[in-house]
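Undergrad: Structure: target_23.cif, mmCIF, C-alpha atoms and all ligand atoms.
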data_entry
loop_
_atom_site.label_atom_id
_atom_site.label_comp_id
_atom_site.auth_asym_id
_atom_site.auth_seq_id
_atom_site.Cartn_x
_atom_site.Cartn_y
_atom_site.Cartn_z
CA MET A 18 10.59 -10.77 5.58
CA ASP A 19 11.34 -11.07 9.27
CA LYS A 20 9.57 -13.98 10.95
CA LEU A 21 8.27 -11.52 13.56
CA GLU A 22 6.18 -9.89 10.82
CA TYR A 23 4.36 -13.19 10.30
CA SER A 24 3.88 -13.83 14.00
CA HIS A 25 2.38 -10.35 14.42
CA ARG A 26 -0.04 -11.16 11.62
CA ARG A 27 -1.03 -14.42 13.32
CA ASP A 28 -1.45 -12.59 16.64
CA ARG A 29 -3.73 -10.03 15.01
CA LEU A 30 -5.79 -12.74 13.37
CA MET A 31 -6.10 -14.62 16.67
CA ALA A 32 -7.19 -11.42 18.41
CA ALA A 33 -9.82 -10.96 15.68
CA ILE A 34 -11.31 -14.45 15.95
CA GLY A 35 -11.27 -14.59 19.75
CA PRO A 36 -10.15 -17.05 22.42
CA ASN A 37 -12.72 -19.82 22.01
CA SER A 38 -12.00 -20.21 18.32
CA VAL A 39 -9.69 -22.17 16.10
CA ALA A 40 -8.61 -21.23 12.57
CA ILE A 41 -7.43 -23.64 9.89
CA VAL A 42 -5.65 -22.36 6.78
CA ALA A 43 -4.40 -24.69 4.05
CA GLY A 44 -1.48 -23.92 1.77
CA ALA A 45 -1.40 -24.75 -1.95
CA LYS A 46 -0.70 -28.13 -3.46
CA GLU A 47 1.37 -28.70 -6.55
CA LEU A 48 -0.66 -28.36 -9.72
CA ARG A 49 -0.14 -30.74 -12.63
CA ARG A 50 0.31 -28.97 -15.96
CA ASN A 51 0.48 -31.92 -18.34
CA GLY A 52 1.98 -35.42 -18.33
CA ASP A 53 4.24 -35.52 -15.30
CA THR A 54 5.09 -31.81 -15.49
CA HIS A 55 3.88 -29.37 -12.85
CA PHE A 56 3.32 -25.62 -12.90
CA PRO A 57 5.96 -23.74 -10.90
CA PHE A 58 4.72 -23.85 -7.30
CA ARG A 59 2.99 -20.72 -5.99
CA GLN A 60 1.89 -20.65 -2.34
CA GLU A 61 -1.68 -19.67 -1.47
CA SER A 62 -1.64 -15.98 -0.59
CA ASP A 63 -3.59 -16.39 2.67
CA PHE A 64 -1.28 -19.12 3.89
CA PHE A 65 1.82 -17.18 2.85
CA TYR A 66 0.53 -14.05 4.58
CA LEU A 67 0.42 -15.93 7.89
CA THR A 68 3.60 -18.01 7.59
CA GLY A 69 5.99 -16.80 4.89
CA PHE A 70 6.36 -20.51 4.10
CA ALA A 71 6.39 -21.52 0.45
CA GLU A 72 6.35 -25.32 0.31
CA PRO A 73 3.38 -27.36 -0.92
CA ASN A 74 0.89 -29.36 1.21
CA ALA A 75 1.23 -27.41 4.45
CA VAL A 76 -1.60 -26.51 6.83
CA LEU A 77 -1.63 -23.90 9.61
CA VAL A 78 -3.80 -24.14 12.73
CA LEU A 79 -4.23 -21.20 15.10
CA ALA A 80 -5.74 -21.82 18.51
CA PRO A 81 -5.73 -18.52 20.43
CA CYS A 82 -4.76 -18.80 24.12
CA ALA A 83 -4.10 -22.55 23.87
CA GLU A 84 -1.79 -23.54 26.70
CA LYS A 85 0.62 -25.73 24.80
CA ALA A 86 0.75 -24.18 21.33
CA GLU A 87 -1.20 -21.38 19.73
CA ALA A 88 0.30 -21.88 16.26
CA THR A 89 0.80 -25.30 14.70
CA ILE A 90 2.03 -26.13 11.23
CA PHE A 91 1.71 -29.42 9.36
CA LEU A 92 4.28 -29.79 6.58
CA ASN A 93 6.12 -32.23 4.36
CA PRO A 94 8.81 -34.09 6.37
CA LYS A 95 12.45 -34.31 5.40
CA ASP A 96 12.91 -37.11 2.86
CA PRO A 97 16.36 -37.27 1.22
CA SER A 98 15.27 -39.36 -1.76
CA ALA A 99 12.28 -37.09 -2.55
CA GLU A 100 14.41 -33.98 -1.94
CA GLN A 101 16.97 -35.20 -4.47
CA TRP A 102 14.27 -34.89 -7.12
CA THR A 103 12.08 -32.00 -6.04
CA GLY A 104 14.24 -29.85 -3.81
CA ILE A 105 15.20 -29.30 -0.19
CA ARG A 106 12.42 -29.23 2.39
CA LEU A 107 12.45 -27.31 5.66
CA GLY A 108 11.20 -30.34 7.58
CA VAL A 109 9.42 -30.80 10.88
CA ASP A 110 12.35 -30.32 13.27
CA ALA A 111 13.58 -27.03 11.82
CA ALA A 112 10.14 -25.50 11.21
CA PRO A 113 9.29 -24.04 14.65
CA GLU A 114 12.53 -22.10 14.98
CA ARG A 115 12.70 -20.97 11.33
CA LEU A 116 9.06 -19.93 11.10
CA GLY A 117 8.55 -18.74 14.69
CA ILE A 118 5.66 -21.21 14.99
CA ASP A 119 5.06 -23.05 18.29
CA GLN A 120 4.97 -26.62 17.00
CA ALA A 121 5.20 -28.63 13.78
CA PHE A 122 4.00 -32.05 12.66
CA ASP A 123 4.43 -34.22 9.61
CA VAL A 124 1.47 -33.51 7.33
CA ALA A 125 0.86 -37.28 7.20
CA SER A 126 -0.17 -37.15 10.88
CA MET A 127 -2.85 -34.52 10.33
CA ASP A 128 -5.86 -36.85 10.76
CA GLU A 129 -4.36 -37.94 14.07
CA GLU A 130 -3.15 -34.60 15.45
CA LEU A 131 -5.49 -31.98 14.08
CA PRO A 132 -8.67 -33.16 15.88
CA LYS A 133 -6.82 -32.61 19.18
CA LEU A 134 -6.28 -28.96 18.23
CA ILE A 135 -9.94 -28.25 17.55
CA GLU A 136 -11.27 -30.09 20.60
CA GLY A 137 -12.92 -27.79 23.12
CA ARG A 138 -13.13 -24.83 20.74
CA ARG A 139 -16.52 -23.22 20.19
CA ALA A 140 -16.07 -21.72 16.70
CA LEU A 141 -14.06 -23.02 13.77
CA HIS A 142 -12.89 -20.45 11.20
CA ALA A 143 -11.73 -21.57 7.75
CA LEU A 144 -11.85 -20.45 4.14
CA PHE A 145 -14.92 -22.59 3.43
CA GLY A 146 -16.03 -23.07 -0.14
CA PHE A 147 -12.56 -22.76 -1.60
CA ASP A 148 -11.53 -26.43 -1.73
CA GLY A 149 -14.41 -28.88 -1.30
CA ASP A 150 -12.14 -31.81 -0.43
CA PHE A 151 -10.45 -29.84 2.33
CA ASP A 152 -13.84 -28.72 3.71
CA GLN A 153 -14.84 -32.40 3.89
CA ARG A 154 -11.68 -33.15 5.77
CA ILE A 155 -12.40 -30.43 8.31
CA PHE A 156 -15.81 -31.97 8.95
CA SER A 157 -14.24 -35.43 9.29
CA TRP A 158 -11.98 -34.02 12.05
CA ILE A 159 -14.99 -32.53 13.80
CA ASN A 160 -16.83 -35.86 13.52
CA LYS A 161 -13.85 -37.62 15.01
CA VAL A 162 -13.97 -35.37 18.10
CA LYS A 163 -17.73 -35.77 18.24
CA SER A 164 -17.50 -39.56 18.09
CA GLN A 165 -15.17 -39.45 21.09
CA ARG A 166 -17.93 -37.51 22.91
CA ARG A 167 -15.63 -34.58 23.48
CA PRO A 168 -16.57 -30.90 23.09
CA HIS A 169 -16.23 -29.79 19.47
CA PRO A 170 -16.86 -26.63 17.46
CA GLY A 171 -20.50 -26.03 16.63
CA GLU A 172 -20.11 -22.68 14.91
CA PHE A 173 -18.48 -22.36 11.49
CA VAL A 174 -17.23 -19.00 10.36
CA ASN A 175 -15.76 -17.89 7.04
CA LEU A 176 -12.23 -16.80 7.90
CA ALA A 177 -12.16 -14.51 4.86
CA GLN A 178 -13.99 -11.79 6.80
CA SER A 179 -11.27 -11.38 9.41
CA LEU A 180 -8.19 -12.48 7.47
CA HIS A 181 -8.86 -10.51 4.32
CA GLU A 182 -9.53 -7.34 6.26
CA LEU A 183 -6.05 -7.65 7.78
CA ARG A 184 -4.58 -8.04 4.31
CA VAL A 185 -6.20 -4.81 3.04
CA ILE A 186 -3.91 -2.62 5.18
CA LYS A 187 -0.29 -3.10 4.17
CA SER A 188 2.37 -2.94 6.89
CA PRO A 189 5.52 -0.82 6.37
CA LEU A 190 7.42 -3.97 5.30
CA GLU A 191 4.75 -4.84 2.78
CA GLN A 192 4.75 -1.28 1.46
CA ASP A 193 8.53 -1.49 0.92
CA GLN A 194 8.17 -4.80 -0.83
CA MET A 195 5.45 -3.45 -3.11
CA GLN A 196 7.57 -0.39 -3.86
CA ARG A 197 10.41 -2.67 -4.93
CA ALA A 198 8.07 -4.72 -7.12
CA ALA A 199 6.72 -1.56 -8.75
CA ASP A 200 10.25 -0.24 -9.36
CA ILE A 201 11.21 -3.42 -11.21
CA THR A 202 8.01 -3.29 -13.21
CA ALA A 203 8.70 0.33 -14.17
CA LYS A 204 12.12 -0.72 -15.48
CA ALA A 205 10.47 -3.47 -17.50
CA HIS A 206 8.02 -1.03 -19.11
CA ILE A 207 10.91 1.28 -19.98
CA ARG A 208 12.76 -1.67 -21.52
CA ALA A 209 9.68 -2.57 -23.59
CA MET A 210 9.37 1.03 -24.83
CA THR A 211 13.02 1.32 -25.77
CA SER A 212 13.14 -2.04 -27.54
CA CYS A 213 9.88 -1.59 -29.46
CA GLU A 214 9.96 -1.21 -33.24
CA PRO A 215 7.66 -2.00 -36.15
CA GLY A 216 8.01 -5.55 -37.45
CA LYS A 217 8.81 -7.12 -34.08
CA SER A 218 6.12 -9.23 -32.48
CA GLU A 219 4.17 -8.68 -29.28
CA TRP A 220 6.01 -11.75 -27.97
CA ASN A 221 9.32 -9.98 -28.38
CA LEU A 222 8.15 -7.30 -25.97
CA GLU A 223 6.78 -9.90 -23.56
CA GLY A 224 10.25 -11.47 -23.57
CA GLU A 225 11.85 -8.11 -22.77
CA LEU A 226 9.48 -7.64 -19.84
CA LEU A 227 10.24 -11.09 -18.41
CA ALA A 228 13.96 -10.63 -18.87
CA GLU A 229 13.86 -7.38 -16.93
CA PHE A 230 11.74 -8.92 -14.16
CA MET A 231 14.14 -11.83 -13.78
CA THR A 232 17.30 -9.78 -14.07
CA ASN A 233 16.07 -7.74 -11.13
CA GLY A 234 15.22 -10.72 -8.94
CA ALA A 235 11.54 -11.20 -9.69
CA ARG A 236 11.21 -14.69 -11.12
CA PHE A 237 7.54 -14.50 -12.10
CA SER A 238 4.93 -12.17 -13.51
CA ALA A 239 2.05 -11.43 -11.15
CA TYR A 240 -0.34 -12.37 -14.00
CA PRO A 241 0.06 -13.19 -17.70
CA SER A 242 1.41 -10.09 -19.45
CA ILE A 243 -0.91 -8.36 -21.89
CA VAL A 244 1.00 -7.03 -24.91
CA ALA A 245 -1.79 -5.81 -27.15
CA SER A 246 -1.04 -3.82 -30.29
CA GLY A 247 -3.55 -2.04 -32.50
CA GLU A 248 -7.08 -3.33 -32.19
CA ASN A 249 -5.95 -6.03 -29.72
CA ALA A 250 -5.78 -3.30 -27.08
CA CYS A 251 -9.59 -3.27 -27.07
CA ILE A 252 -9.65 -6.87 -25.76
CA MET A 253 -9.37 -6.64 -21.98
CA HIS A 254 -7.76 -10.03 -21.35
CA TYR A 255 -5.71 -10.34 -24.54
CA ILE A 256 -2.76 -12.63 -23.74
CA GLU A 257 -2.06 -14.29 -27.10
CA ASN A 258 0.67 -11.69 -27.69
CA ASP A 259 1.41 -13.19 -31.10
CA ALA A 260 0.67 -10.32 -33.51
CA THR A 261 3.23 -8.29 -35.42
CA LEU A 262 3.77 -4.73 -34.18
CA ASN A 263 2.61 -2.48 -37.01
CA ASP A 264 3.95 0.97 -37.82
CA GLY A 265 1.27 3.51 -36.89
CA ASP A 266 -0.39 1.40 -34.17
CA LEU A 267 -0.33 1.83 -30.42
CA VAL A 268 0.71 -1.01 -28.16
CA LEU A 269 -0.87 -1.44 -24.73
CA ILE A 270 1.23 -3.34 -22.19
CA ASP A 271 -0.37 -4.44 -18.93
CA ALA A 272 2.36 -6.27 -17.03
CA GLY A 273 3.74 -6.49 -13.52
CA CYS A 274 6.24 -8.64 -11.72
CA GLU A 275 5.62 -10.60 -8.56
CA LEU A 276 8.36 -10.04 -6.00
CA ASP A 277 8.47 -12.51 -3.11
CA HIS A 278 4.73 -13.08 -3.63
CA TYR A 279 3.76 -9.38 -3.85
CA ALA A 280 2.21 -8.12 -7.09
CA SER A 281 2.62 -5.02 -9.14
CA ASP A 282 0.15 -4.17 -11.90
CA VAL A 283 1.07 -1.46 -14.38
CA THR A 284 -0.26 -0.50 -17.82
CA ARG A 285 1.39 1.79 -20.31
CA THR A 286 0.27 2.52 -23.87
CA PHE A 287 2.70 3.87 -26.43
CA PRO A 288 3.16 4.16 -30.22
CA VAL A 289 4.94 1.28 -31.94
CA ASN A 290 6.94 3.76 -34.03
CA GLY A 291 7.60 6.13 -31.15
CA LYS A 292 5.33 8.98 -32.27
CA PHE A 293 1.64 9.40 -31.37
CA SER A 294 -0.69 10.15 -34.32
CA PRO A 295 -3.09 13.11 -33.73
CA GLU A 296 -5.99 10.79 -32.78
CA GLN A 297 -3.80 8.59 -30.57
CA HIS A 298 -2.45 11.76 -28.98
CA ASP A 299 -5.93 13.09 -28.18
CA LEU A 300 -7.24 9.86 -26.68
CA TYR A 301 -4.02 9.24 -24.74
CA GLN A 302 -3.97 12.78 -23.35
CA LEU A 303 -7.58 12.42 -22.28
CA CYS A 304 -6.90 9.10 -20.55
CA LEU A 305 -3.89 10.63 -18.79
CA GLU A 306 -5.89 13.61 -17.54
CA ALA A 307 -8.57 11.24 -16.27
CA GLN A 308 -5.97 9.12 -14.51
CA LYS A 309 -4.40 12.16 -12.86
CA ALA A 310 -7.81 13.35 -11.66
CA ALA A 311 -8.46 9.86 -10.30
CA ILE A 312 -5.11 9.68 -8.49
CA ALA A 313 -5.75 13.12 -6.99
CA SER A 314 -8.85 11.68 -5.35
CA VAL A 315 -6.92 8.94 -3.53
CA SER A 316 -6.45 10.01 0.08
CA PRO A 317 -7.65 9.04 3.54
CA ASP A 318 -11.33 9.77 4.07
CA ARG A 319 -12.11 9.64 0.37
CA ARG A 320 -14.00 6.58 -0.83
CA PHE A 321 -12.84 3.63 -2.91
CA SER A 322 -15.20 4.65 -5.72
CA ASP A 323 -13.97 8.28 -5.86
CA PRO A 324 -11.13 7.64 -8.35
CA HIS A 325 -13.55 5.83 -10.63
CA GLU A 326 -16.05 8.67 -10.49
CA ALA A 327 -13.36 11.30 -11.05
CA ALA A 328 -12.00 9.45 -14.09
CA ARG A 329 -15.46 8.82 -15.47
CA ARG A 330 -16.35 12.50 -15.45
CA VAL A 331 -13.11 13.60 -17.12
CA LEU A 332 -13.32 10.87 -19.75
CA THR A 333 -16.97 11.56 -20.52
CA GLN A 334 -16.36 15.30 -20.87
CA GLY A 335 -13.38 14.60 -23.13
CA LEU A 336 -15.32 12.21 -25.34
CA ILE A 337 -18.02 14.90 -25.71
CA ASP A 338 -15.35 17.49 -26.60
CA LEU A 339 -13.90 15.14 -29.24
CA ASP A 340 -17.42 14.59 -30.71
CA ILE A 341 -17.17 10.90 -29.93
CA ILE A 342 -20.13 11.15 -27.55
CA ASP A 343 -23.00 13.26 -28.82
CA CYS A 344 -24.42 15.00 -25.74
CA GLU A 345 -24.79 18.45 -24.20
CA SER A 346 -23.32 17.77 -20.80
CA VAL A 347 -21.44 15.20 -18.76
CA ASP A 348 -24.42 14.76 -16.46
CA ASP A 349 -26.77 14.08 -19.37
CA ALA A 350 -24.29 11.67 -20.95
CA ILE A 351 -23.80 9.74 -17.70
CA GLU A 352 -27.54 9.78 -17.00
CA ALA A 353 -28.08 8.16 -20.42
CA GLY A 354 -25.13 5.78 -19.92
CA LYS A 355 -23.51 7.01 -23.14
CA GLU A 356 -19.96 6.60 -21.81
CA LYS A 357 -20.41 2.96 -20.89
CA LYS A 358 -19.43 1.37 -24.18
CA PHE A 359 -16.09 3.23 -24.18
CA LEU A 360 -15.25 2.72 -20.48
CA VAL A 361 -15.82 -0.96 -19.95
CA HIS A 362 -14.17 -1.64 -16.60
CA ARG A 363 -13.89 -0.13 -13.15
CA CYS A 364 -10.93 2.09 -12.44
CA SER A 365 -9.52 0.36 -9.35
CA HIS A 366 -8.99 -2.83 -7.41
CA TRP A 367 -6.95 -3.66 -4.32
CA LEU A 368 -3.38 -4.83 -4.88
CA GLY A 369 -1.16 -6.95 -2.65
CA LEU A 370 -0.27 -10.63 -2.51
CA ASP A 371 -2.88 -11.12 -5.22
CA VAL A 372 -3.13 -8.84 -8.21
CA HIS A 373 -6.87 -8.51 -7.63
CA ASP A 374 -6.28 -8.48 -3.92
CA VAL A 375 -8.77 -9.41 -1.24
CA GLY A 376 -10.88 -7.02 0.80
CA MET A 377 -14.33 -5.51 0.71
CA PHE A 378 -15.07 -2.62 -1.62
CA GLU A 379 -18.13 -1.58 0.35
CA ASP A 380 -19.02 -1.02 3.96
CA ASN A 381 -22.65 -0.86 5.06
CA GLY A 382 -23.78 -0.60 1.46
CA LYS A 383 -21.51 2.38 0.67
CA SER A 384 -18.16 2.47 -1.06
CA ARG A 385 -15.63 2.08 1.73
CA VAL A 386 -13.49 4.89 3.08
CA LEU A 387 -9.80 4.79 2.14
CA GLU A 388 -7.23 4.40 4.92
CA PRO A 389 -3.44 4.79 5.06
CA GLY A 390 -1.74 1.53 4.10
CA MET A 391 -4.27 0.51 1.47
CA VAL A 392 -2.90 -0.05 -2.04
CA LEU A 393 -5.15 0.23 -5.06
CA THR A 394 -4.67 0.48 -8.79
CA VAL A 395 -5.87 3.49 -10.75
CA GLU A 396 -6.44 2.39 -14.33
CA PRO A 397 -8.88 4.26 -16.53
CA GLY A 398 -9.14 3.14 -20.13
CA ILE A 399 -10.85 4.14 -23.37
CA TYR A 400 -11.61 1.44 -25.92
CA ILE A 401 -12.99 2.04 -29.42
CA PRO A 402 -12.94 -1.28 -31.29
CA SER A 403 -13.84 -1.33 -35.01
CA ASN A 404 -17.01 -3.29 -34.45
CA GLU A 405 -20.70 -2.63 -35.11
CA GLN A 406 -21.17 -1.16 -31.61
CA MET A 407 -18.99 1.77 -32.69
CA GLN A 408 -20.59 2.39 -36.09
CA GLU A 409 -21.57 5.96 -35.30
CA VAL A 410 -18.03 6.88 -34.17
CA ALA A 411 -15.86 8.54 -36.87
CA SER A 412 -13.59 5.94 -38.42
CA LYS A 413 -10.40 7.82 -37.45
CA TRP A 414 -10.99 6.88 -33.80
CA ARG A 415 -11.76 3.23 -34.33
CA GLY A 416 -9.25 0.51 -33.54
CA ILE A 417 -7.67 2.47 -30.68
CA GLY A 418 -7.47 1.26 -27.09
CA VAL A 419 -5.68 3.17 -24.34
CA ARG A 420 -5.23 2.32 -20.67
CA ILE A 421 -2.88 3.87 -18.11
CA GLU A 422 -2.50 2.04 -14.82
CA ASP A 423 -0.52 2.86 -11.70
CA ASP A 424 -0.24 1.32 -8.25
CA VAL A 425 -1.16 3.82 -5.56
CA LEU A 426 -0.51 3.63 -1.81
CA VAL A 427 -2.82 5.62 0.47
CA THR A 428 -0.63 7.63 2.87
CA GLU A 429 -1.46 9.76 5.93
CA ASP A 430 -1.52 12.91 3.84
CA GLY A 431 -2.67 11.68 0.46
CA ASN A 432 -1.04 9.06 -1.70
CA ARG A 433 2.20 7.80 -3.19
CA VAL A 434 2.31 6.41 -6.72
CA LEU A 435 4.46 3.30 -6.35
CA SER A 436 4.85 2.90 -10.11
CA ALA A 437 5.77 6.54 -10.75
CA LYS A 438 9.07 5.58 -12.41
CA ALA A 439 7.25 4.21 -15.47
CA PRO A 440 6.97 7.19 -17.87
CA LYS A 441 3.47 8.23 -18.86
CA GLU A 442 3.68 11.85 -20.08
CA LEU A 443 3.37 11.96 -23.87
CA GLY A 444 6.58 13.92 -24.30
CA ASP A 445 8.52 11.64 -21.94
CA ILE A 446 7.44 8.52 -23.83
CA GLU A 447 8.27 10.03 -27.22
CA SER A 448 11.65 11.28 -26.13
CA LEU A 449 12.51 7.97 -24.40
CA MET A 450 11.60 6.05 -27.55
CA ALA A 451 13.53 8.46 -29.77
CA ASN A 452 16.66 8.86 -27.67
CA GLY A 453 16.74 5.87 -25.33
CA LEU A 454 17.64 6.22 -21.67
N1 LIG A 501 -3.75 -6.72 -14.96
C1 LIG A 501 -5.03 -6.93 -14.44
C2 LIG A 501 -5.70 -5.69 -14.12
O1 LIG A 501 -5.25 -4.63 -14.49
O2 LIG A 501 -6.66 -5.67 -13.40
MN MN A 502 -3.26 -4.37 -15.06
MN MN A 503 -5.23 -3.73 -12.51
#
Could you quickly redo this structure as structure tokens?
Ligand code: GLY
Ligand code: MN
Ligand code: MN

TA:
Amino acid sequence: MDKLEYSHRRDRLMAAIGPNSVAIVAGAKELRRNGDTHFPFRQESDFFYLTGFAEPNAVLVLAPCAEKAEATIFLNPKDPSAEQWTGIRLGVDAAPERLGIDQAFDVASMDEELPKLIEGRRALHALFGFDGDFDQRIFSWINKVKSQRRPHPGEFVNLAQSLHELRVIKSPLEQDQMQRAADITAKAHIRAMTSCEPGKSEWNLEGELLAEFMTNGARFSAYPSIVASGENACIMHYIENDATLNDGDLVLIDAGCELDHYASDVTRTFPVNGKFSPEQHDLYQLCLEAQKAAIASVSPDRRFSDPHEAARRVLTQGLIDLDIIDCESVDDAIEAGKEKKFLVHRCSHWLGLDVHDVGMFEDNGKSRVLEPGMVLTVEPGIYIPSNEQMQEVASKWRGIGVRIEDDVLVTEDGNRVLSAKAPKELGDIESLMANGL
């Protein structure tokens, strides 16, 4: 993304925290996996949002209206022998121009330089409580200023309130990026559907998803892919993905790529053999109708909880109609909480740099009002595991789990389904699996 995008974000954050404040945001460190092997590096989303910089160990300081420099970055210095092993670094000299940041220092000089940046500021904003060691360091910098008998911040504010509210509304560039991520993910779901056959393993499909992500320029998944066949679909966070795909079962795939740090999050459920059984058909159709009703309730001035409520009513009515819930009316069923054991999760979360993206769900004790630029998932599910909780449900329904999940952008006049290219109509899935693309 253009470096101006990041400087606009920093400007908006500085306007939000006010002129007598200073904000400190740390980037991620490398994380050891085992032995001397590390996980692939992933920048902290908050830090990336404000810098677009994806090297480890960096720290950003924002001091609104400071005369010399409002934005300062601390980062790893150039070091040819280290770079020969772990890759090229941007370095201190090139950082200001490349990142559009006023000044840069070697991260090793932070204890020396950072106290000067907080001196004279009234309030210090940081993501407190996230990394205890870093919090301690912040207080050591304050103590240093204090010990020099200079004015130091006396008010400590959680930066999440201001920063995460900015992240909830996606800019046009972010919307484009998320559309691209969702397009790649849709292709991956199509690839999984067209390569699925009985006897393969869930892993095979996970491999197809990853191959499609990578082929299209998305190196990583936004979260571990769930490829859950048969009864496994009733386990919300199933990631073993090691079972054989059985003829006659459904397979639920919840997978999304991460494209330049932006997530997609899509679920499709389809028959391993390409043809829905009558019971699978009925539950799938019900879930789809609920999801459509939920998506129809995504628009400006509606509330975050509206899609959930819309889906809940359709699903509950459908479960009554299928004699899975024994009740006279939807209202009675919901009053008695009879739908709860089939609908075990909420229908939506924010989506952005994080798959479960930041931002409040409520405002003044009420579900918050949707605004253009917000992106949320809409993902109703019905789960009927073959366990003792479901004893009174006819056996033909047991062992089936269905979820359908799309990524939905709130627009001025309603919404746009970013993941619309992933097929979800029963007939479209069956014909894709029978005939290919
Ligand atoms: N894939 C995580 C979720 O759907 O929330
Ligand atoms: Mn998901
Ligand atoms: Mn989701």

Undergrad: Taking (2.7, -41.1, 6.4) in the coordinates of the supplied file, I want to know which residues reach to within 12 Å of it, counting all atoms listed in the file; could you give the answer as a compact mmCIF listing (two decimals) with C-alpha atoms, keeping the file's coordinate frame?

TA:
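Generated output (result_27.txt):
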# COMPACT_ATOMS: atom_id res chain seq x y z
CA LEU A 92 4.28 -29.79 6.58
CA ASN A 93 6.12 -32.23 4.36
CA PRO A 94 8.81 -34.09 6.37
CA LYS A 95 12.45 -34.31 5.40
CA ASP A 96 12.91 -37.11 2.86
CA PHE A 122 4.00 -32.05 12.66
CA ASP A 123 4.43 -34.22 9.61
CA VAL A 124 1.47 -33.51 7.33
CA ALA A 125 0.86 -37.28 7.20
CA SER A 126 -0.17 -37.15 10.88
CA MET A 127 -2.85 -34.52 10.33
CA ASP A 128 -5.86 -36.85 10.76
CA GLU A 129 -4.36 -37.94 14.07

Undergrad: Rounded to one decimal, what separation in Å do you get between atom CA of Tyr255 of chain A and atom CA of Glu275 of chain A?

TA: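 Value for the atom CA of Tyr255 of chain A-atom CA of Glu275 of chain A distance: 19.6 Å.
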
Undergrad: Hey, which residues come within 10 Å of ligand LIG 501 (chain A) if we count all atoms listed in the file? Could you give them as a PDB file with C-alpha atoms, in the coordinates of the input?

TA:
ATOM      1  CA  ALA A 239       2.050 -11.430 -11.150  1.00  0.00           C
ATOM      2  CA  TYR A 240      -0.340 -12.370 -14.000  1.00  0.00           C
ATOM      3  CA  PRO A 241       0.060 -13.190 -17.700  1.00  0.00           C
ATOM      4  CA  SER A 242       1.410 -10.090 -19.450  1.00  0.00           C
ATOM      5  CA  ILE A 243      -0.910  -8.360 -21.890  1.00  0.00           C
ATOM      6  CA  MET A 253      -9.370  -6.640 -21.980  1.00  0.00           C
ATOM      7  CA  HIS A 254      -7.760 -10.030 -21.350  1.00  0.00           C
ATOM      8  CA  ILE A 270       1.230  -3.340 -22.190  1.00  0.00           C
ATOM      9  CA  ASP A 271      -0.370  -4.440 -18.930  1.00  0.00           C
ATOM     10  CA  ALA A 272       2.360  -6.270 -17.030  1.00  0.00           C
ATOM     11  CA  GLY A 273       3.740  -6.490 -13.520  1.00  0.00           C
ATOM     12  CA  ALA A 280       2.210  -8.120  -7.090  1.00  0.00           C
ATOM     13  CA  SER A 281       2.620  -5.020  -9.140  1.00  0.00           C
ATOM     14  CA  ASP A 282       0.150  -4.170 -11.900  1.00  0.00           C
ATOM     15  CA  VAL A 283       1.070  -1.460 -14.380  1.00  0.00           C
ATOM     16  CA  THR A 284      -0.260  -0.500 -17.820  1.00  0.00           C
ATOM     17  CA  HIS A 362     -14.170  -1.640 -16.600  1.00  0.00           C
ATOM     18  CA  ARG A 363     -13.890  -0.130 -13.150  1.00  0.00           C
ATOM     19  CA  CYS A 364     -10.930   2.090 -12.440  1.00  0.00           C
ATOM     20  CA  SER A 365      -9.520   0.360  -9.350  1.00  0.00           C
ATOM     21  CA  HIS A 366      -8.990  -2.830  -7.410  1.00  0.00           C
ATOM     22  CA  TRP A 367      -6.950  -3.660  -4.320  1.00  0.00           C
ATOM     23  CA  LEU A 368      -3.380  -4.830  -4.880  1.00  0.00           C
ATOM     24  CA  VAL A 372      -3.130  -8.840  -8.210  1.00  0.00           C
ATOM     25  CA  HIS A 373      -6.870  -8.510  -7.630  1.00  0.00           C
ATOM     26  CA  ASP A 374      -6.280  -8.480  -3.920  1.00  0.00           C
ATOM     27  CA  THR A 394      -4.670   0.480  -8.790  1.00  0.00           C
ATOM     28  CA  VAL A 395      -5.870   3.490 -10.750  1.00  0.00           C
ATOM     29  CA  GLU A 396      -6.440   2.390 -14.330  1.00  0.00           C
ATOM     30  CA  PRO A 397      -8.880   4.260 -16.530  1.00  0.00           C
ATOM     31  CA  ARG A 420      -5.230   2.320 -20.670  1.00  0.00           C
ATOM     32  CA  ILE A 421      -2.880   3.870 -18.110  1.00  0.00           C
ATOM     33  CA  GLU A 422      -2.500   2.040 -14.820  1.00  0.00           C
ATOM     34  CA  ASP A 423      -0.520   2.860 -11.700  1.00  0.00           C
ATOM     35  CA  ASP A 424      -0.240   1.320  -8.250  1.00  0.00           C
TER      36      ASP A 424
END

Undergrad: Take atom CA of Ala228 of chain A and atom CA of Gln308 of chain A and report the distance between them in Å, one decimal.

TA: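 Computing the Euclidean distance for atom CA of Ala228 of chain A and atom CA of Gln308 of chain A yields 28.4 Å.
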
Undergrad: Could you tell me which of A:Gly398, A:Pro440, A:Pro170, A:Gly418 comes closest to ligand MN 502 (chain A) if we count all atoms listed in the file?

TA: A:Gly398

Undergrad: Which residue out of A:Asn160, A:Gln192, A:Ser436, A:Gln302 has the minimum interatomic distance to Thr286 of chain A when only C-alpha atoms are used?

TA: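 Residue with the minimum atom-to-atom distance to Thr286 of chain A: A:Gln302.
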
Undergrad: Please, which residues in segment 94-137 of chain A fall within 10 Å of segment 24-39 of chain A when counting only C-alpha atoms, and what is the closest atom pair and distance in Å to one decimal for each, ordered by chain then residue number, as a Markdown table?

TA:
| residue | atom | partner | partner_atom | distance |
| --- | --- | --- | --- | --- |
| A:Leu116 | CA | A:Ser24 | CA | 8.5 |
| A:Gly117 | CA | A:Ser24 | CA | 6.8 |
| A:Ile118 | CA | A:Ser24 | CA | 7.7 |
| A:Leu134 | CA | A:Val39 | CA | 7.9 |
| A:Ile135 | CA | A:Val39 | CA | 6.3 |
| A:Glu136 | CA | A:Val39 | CA | 9.2 |
| A:Gly137 | CA | A:Asn37 | CA | 8.0 |
